[in-house]
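Let me begin by presenting the structure, written as structure tokens, before commenting on it.
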Amino acid sequence: MRLTDAERAMLAGEAGPVRQWAIEHQMRVGRYLGAADFVRVSQAHIMADTESLGVAGVQWLERLASHPAEQRRVRIPTITDPRGTDFAAAAKLKHQPWMLDLERRAIAAFEAMGVLMTDTCINYQTIMPAVRNEHMAYGDTGVTIYSNSVLGARSNFEGGPSALSAGLTGRTPRYGYHLDAHRRATLKLRVTYTPTELSDWGALGALVGRHAGDYWQVPAVLGIDRVPGSDELKHFGAAMASYGSVALFHLDGITPEAMNLPDVADEGMPVHATIGAAELRAFRQSYVGRVDKIDVVVFSAPQLSLLELHDLAAMLDGRRITVPTLAITSPQVKSDADRMGLTARIEASGALVLSGMCFYQSYAREMAEANGWQALATNSAKLTNILGGYGYRPALLSMAACVETACRGRISS
């Protein structure tokens, strides 16, 4: 890889062993993926949950954080994905003391390195969203696909050590979606039904992701008949990334790089598949048909926006839940929800509003065993895709149907 003078100095250890490790790691990644050089990035986003890090990962962070401050501190704004618990509600979730201890150790190490503990997977809705052509080093797949596709920024999926390395060096290997050539559409899909529910946007994203099925595939979607809102695109992209490892999509006439589709798609490219209302119905039924009585209702993955919490509060006003119901948001949104009375309205029903965590990154298997949870209802297609691996039987429903199910204890579609 071609290196600048500053990069060669880091590699030689002139900026200390932590930055030396970081650029050595990035060079190994860059060589493997064919990067010719580095590109400067203006923000990094780290997957930081301790379930993924484990004890060994936290010990590694603590070793990095033990170096002198001028050597260990990040050089660019570096933020974090959801953590592994909401400390205020840990006892209700039956999170164990060892989990909380590990979480506190990880937080202390990150803070010592200058990392901002934002604990969110919706930073594009809350914290200095990226702008078109801005190069980033993002870890969360939902953050990456939204920022690439909706905002026109440039990032690959960065693993935890790679995102931390980007924070320490201020750059990342220039490959993949940092390059114009990789941002062109590789397949066309036509949609004949534009969803109205967030759960259906997630289902549509899941089906597009299944057709793509490859990180290097870039779907161009035709036929969406209106401009979707931020929450709709959030669920759409998060599910597509989950089901297909997709990092970038284009919506004909909607997303910034596809305002003129020929700019990103060859005109002779055939339509690979058509997706309509029947396909979305079949997708939902493939999950709903597995469960009846529900043990827990979860709104998570991605974290809820203020508008989603507003809608949930209105649906729960004057009602009481009969099964545990969790609404999970970011710390930034939670403070606004508290101030506006949305948290109090939701929790008056018996539901819990949780902050800074994400359900599947928060010891989901251990929570299931401790609480006796198996059948789960959610309006997140991404969550339904992930939770089967943790022993749950998930059902994908609309937000309104999830609320009805939470109150009745059984599926209400």
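Ordering of the structure tokens sets the chain letters (A, B, ...); residue numbers start at 1 within each chain; ligands are numbered from 1 in the order shown.
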
Using DSSP assignments from the backbone, pull out every residue in region 37-250 of chain A that falls under strand (DSSP E or B) and give it to me as a ChimeraX atom specification.
/A:38-40,44-46,78-80,83,116,135,137-138,154,157,171-173,187-191,219-222,250

For those residues, write C-alpha atoms to a file as a compact mmCIF listing (two decimals), in the first residue's frame.
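New file result_6.txt:
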```
# COMPACT_ATOMS: atom_id res chain seq x y z
CA PHE A 38 -5.69 4.95 2.70
CA VAL A 39 -8.51 7.48 2.65
CA ARG A 40 -9.04 10.01 5.42
CA ALA A 44 -15.62 6.19 13.24
CA HIS A 45 -18.38 4.06 14.78
CA ILE A 46 -17.48 1.01 16.88
CA THR A 78 -15.33 8.06 17.46
CA ILE A 79 -18.72 6.87 18.68
CA THR A 80 -20.24 3.58 19.79
CA ARG A 83 -23.95 -1.48 24.63
CA LEU A 116 -17.72 8.99 22.86
CA HIS A 135 -15.77 9.08 4.02
CA ALA A 137 -15.52 4.11 9.15
CA TYR A 138 -18.81 2.67 10.39
CA ARG A 154 -18.97 6.29 1.87
CA PHE A 157 -18.73 -2.56 7.13
CA ARG A 171 -8.05 6.90 7.99
CA THR A 172 -9.19 3.56 6.60
CA PRO A 173 -8.11 1.41 3.63
CA LEU A 187 -28.89 -5.90 -10.19
CA LYS A 188 -32.32 -4.34 -10.75
CA LEU A 189 -35.45 -5.24 -8.82
CA ARG A 190 -38.96 -3.93 -9.47
CA VAL A 191 -41.48 -3.26 -6.70
CA PRO A 219 -29.48 -3.45 -5.76
CA ALA A 220 -31.28 -0.74 -7.71
CA VAL A 221 -34.96 -0.79 -6.75
CA LEU A 222 -37.56 0.54 -9.20
CA HIS A 250 -30.29 2.74 -4.86
```

Skip Tyr175 (chain A) itself and residues of its chain fewer than 2 positions away, then list as an MDAnalysis selection string all residues within 7 Å of it, counting only C-alpha atoms.
chainID A and resid 33:35 173 177:179

For region 109-114 of chain A, find every residue with an atom within 7 Å (counting only C-alpha atoms), except residues of its own chain fewer than 3 positions away, and show them as a ChimeraX atom specification.
/A:61-62,65,72-74,105-106

Who sits within 7 Å of Ala381 (chain A), only C-alpha atoms, same chain under 2 positions skipped, as a PyMOL selection string
chain A and resi 199+202-203+239+379+383-385+396

Return as a list in words the full set of residues in region 226-275 of chain A whose backbone-based DSSP assignment is alpha helix (DSSP H).
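Matching residues, listed in order: Ser230, Asp231, Glu232, Leu233, Lys234, His235, Phe236, Gly237, Ala238, Ala239, Met240, Ala241, Ser242, Tyr243 and Gly244 of chain A.
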
Let me see the file: selected residues, N, CA and C atoms, as an mmCIF file, in the first residue's frame.
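Output file result_4.cif follows:
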```cif
data_model
loop_
_atom_site.group_PDB
_atom_site.id
_atom_site.type_symbol
_atom_site.label_atom_id
_atom_site.label_comp_id
_atom_site.auth_asym_id
_atom_site.auth_seq_id
_atom_site.Cartn_x
_atom_site.Cartn_y
_atom_site.Cartn_z
ATOM 1 N N SER A 230 -37.587 8.692 7.007
ATOM 2 C CA SER A 230 -36.344 8.195 7.595
ATOM 3 C C SER A 230 -36.538 6.857 8.305
ATOM 4 N N ASP A 231 -37.608 6.712 9.086
ATOM 5 C CA ASP A 231 -37.835 5.451 9.791
ATOM 6 C C ASP A 231 -38.134 4.317 8.816
ATOM 7 N N GLU A 232 -38.845 4.612 7.746
ATOM 8 C CA GLU A 232 -39.126 3.580 6.748
ATOM 9 C C GLU A 232 -37.833 3.103 6.090
ATOM 10 N N LEU A 233 -36.977 4.051 5.718
ATOM 11 C CA LEU A 233 -35.709 3.689 5.099
ATOM 12 C C LEU A 233 -34.788 3.005 6.101
ATOM 13 N N LYS A 234 -34.908 3.370 7.358
ATOM 14 C CA LYS A 234 -34.120 2.722 8.409
ATOM 15 C C LYS A 234 -34.441 1.236 8.494
ATOM 16 N N HIS A 235 -35.719 0.889 8.553
ATOM 17 C CA HIS A 235 -36.117 -0.519 8.628
ATOM 18 C C HIS A 235 -35.794 -1.254 7.321
ATOM 19 N N PHE A 236 -35.994 -0.588 6.204
ATOM 20 C CA PHE A 236 -35.711 -1.169 4.893
ATOM 21 C C PHE A 236 -34.234 -1.548 4.783
ATOM 22 N N GLY A 237 -33.360 -0.605 5.074
ATOM 23 C CA GLY A 237 -31.930 -0.856 4.936
ATOM 24 C C GLY A 237 -31.401 -1.828 5.964
ATOM 25 N N ALA A 238 -31.849 -1.711 7.221
ATOM 26 C CA ALA A 238 -31.345 -2.609 8.264
ATOM 27 C C ALA A 238 -31.679 -4.058 7.947
ATOM 28 N N ALA A 239 -32.892 -4.303 7.455
ATOM 29 C CA ALA A 239 -33.277 -5.670 7.091
ATOM 30 C C ALA A 239 -32.498 -6.158 5.877
ATOM 31 N N MET A 240 -32.286 -5.288 4.894
ATOM 32 C CA MET A 240 -31.536 -5.689 3.704
ATOM 33 C C MET A 240 -30.110 -6.083 4.075
ATOM 34 N N ALA A 241 -29.496 -5.310 4.957
ATOM 35 C CA ALA A 241 -28.147 -5.643 5.402
ATOM 36 C C ALA A 241 -28.122 -6.948 6.183
ATOM 37 N N SER A 242 -29.159 -7.184 6.971
ATOM 38 C CA SER A 242 -29.210 -8.397 7.787
ATOM 39 C C SER A 242 -29.437 -9.644 6.947
ATOM 40 N N TYR A 243 -30.359 -9.578 6.000
ATOM 41 C CA TYR A 243 -30.700 -10.752 5.192
ATOM 42 C C TYR A 243 -29.755 -10.962 4.014
ATOM 43 N N GLY A 244 -29.060 -9.918 3.571
ATOM 44 C CA GLY A 244 -28.260 -10.054 2.363
ATOM 45 C C GLY A 244 -26.846 -9.533 2.446
#
```

Spatial neighbours of region 124-134 of chain A, max dist 7 Å, only C-alpha atoms, sep filter under 2 positions, as a ChimeraX atom specification:
/A:122,136,143,147,151-154,332

Quick one: everything within 7 Å of Ala395 (chain A), counting only C-alpha atoms, minus sequence neighbours fewer than 4 positions away in the same chain. Send it as an MDAnalysis selection string.
chainID A and resid 287:288 291 376:378 384

Find, counting only C-alpha atoms, the residue in A:Pro82, A:Ser349, A:Ala314, A:Leu93 that gets nearest to Glu369 (chain A).
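Checking each of A:Pro82, A:Ser349, A:Ala314, A:Leu93 against Glu369 (chain A), counting only C-alpha atoms, the winner is A:Leu93.
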
Neighbouring residues of region 301-311 of chain A were defined as those with any atom within 7 Å, considering only C-alpha atoms; residues of the same chain fewer than 6 positions away were excluded. Please report them as a PyMOL selection string.
chain A and resi 121-122+328-330+333+337+342+358+380+382-383

Dump of N, CA and C atoms for the selected residues, as a short mmCIF file (atom, residue, chain, number, x, y, z; two decimals), in the first residue's frame:
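The result, stored in part36.cif:
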```
data_model
loop_
_atom_site.label_atom_id
_atom_site.label_comp_id
_atom_site.auth_asym_id
_atom_site.auth_seq_id
_atom_site.Cartn_x
_atom_site.Cartn_y
_atom_site.Cartn_z
N CYS A 121 -27.35 2.84 17.41
CA CYS A 121 -27.28 2.36 16.02
C CYS A 121 -28.09 3.26 15.10
N ILE A 122 -28.56 4.40 15.62
CA ILE A 122 -29.29 5.36 14.79
C ILE A 122 -28.60 6.73 14.86
N ILE A 328 -36.94 0.04 22.84
CA ILE A 328 -35.53 0.33 23.04
C ILE A 328 -35.10 1.47 22.13
N THR A 329 -34.48 2.48 22.73
CA THR A 329 -34.09 3.67 21.98
C THR A 329 -32.68 4.08 22.35
N SER A 330 -32.22 5.17 21.76
CA SER A 330 -30.88 5.67 22.05
C SER A 330 -30.91 6.61 23.24
N VAL A 333 -32.37 10.03 22.21
CA VAL A 333 -33.82 10.08 22.05
C VAL A 333 -34.51 9.89 23.40
N ALA A 337 -37.68 11.85 24.99
CA ALA A 337 -38.91 11.13 25.30
C ALA A 337 -39.32 11.34 26.75
N LEU A 342 -43.36 11.07 26.82
CA LEU A 342 -43.62 9.85 26.06
C LEU A 342 -43.24 8.61 26.85
N CYS A 358 -29.32 -2.74 22.66
CA CYS A 358 -30.08 -3.34 21.57
C CYS A 358 -30.40 -4.76 21.99
N SER A 380 -39.75 -5.49 13.74
CA SER A 380 -38.44 -5.38 13.08
C SER A 380 -38.11 -6.66 12.33
N LYS A 382 -35.35 -7.16 10.78
CA LYS A 382 -33.96 -7.47 11.15
C LYS A 382 -33.93 -8.35 12.39
N LEU A 383 -34.72 -7.99 13.39
CA LEU A 383 -34.72 -8.75 14.64
C LEU A 383 -35.23 -10.18 14.42
#
```

Tell me, in Å to one decimal, how far CA of Val29 (chain A) is from CA of Val150 (chain A).
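CA of Val150 (chain A) lies 26.6 Å from CA of Val29 (chain A).
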
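Of the listed residues A:Val296, A:Leu248, A:Ala206, A:Leu326, the one whose atoms come nearest to Ile386 (chain A) is A:Ala206, with distances taken using only C-alpha atoms.
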
May I ask for the distance between CA of Glu197 (chain A) and CA of Ser398 (chain A), given in Å to one decimal place?
6.4 Å
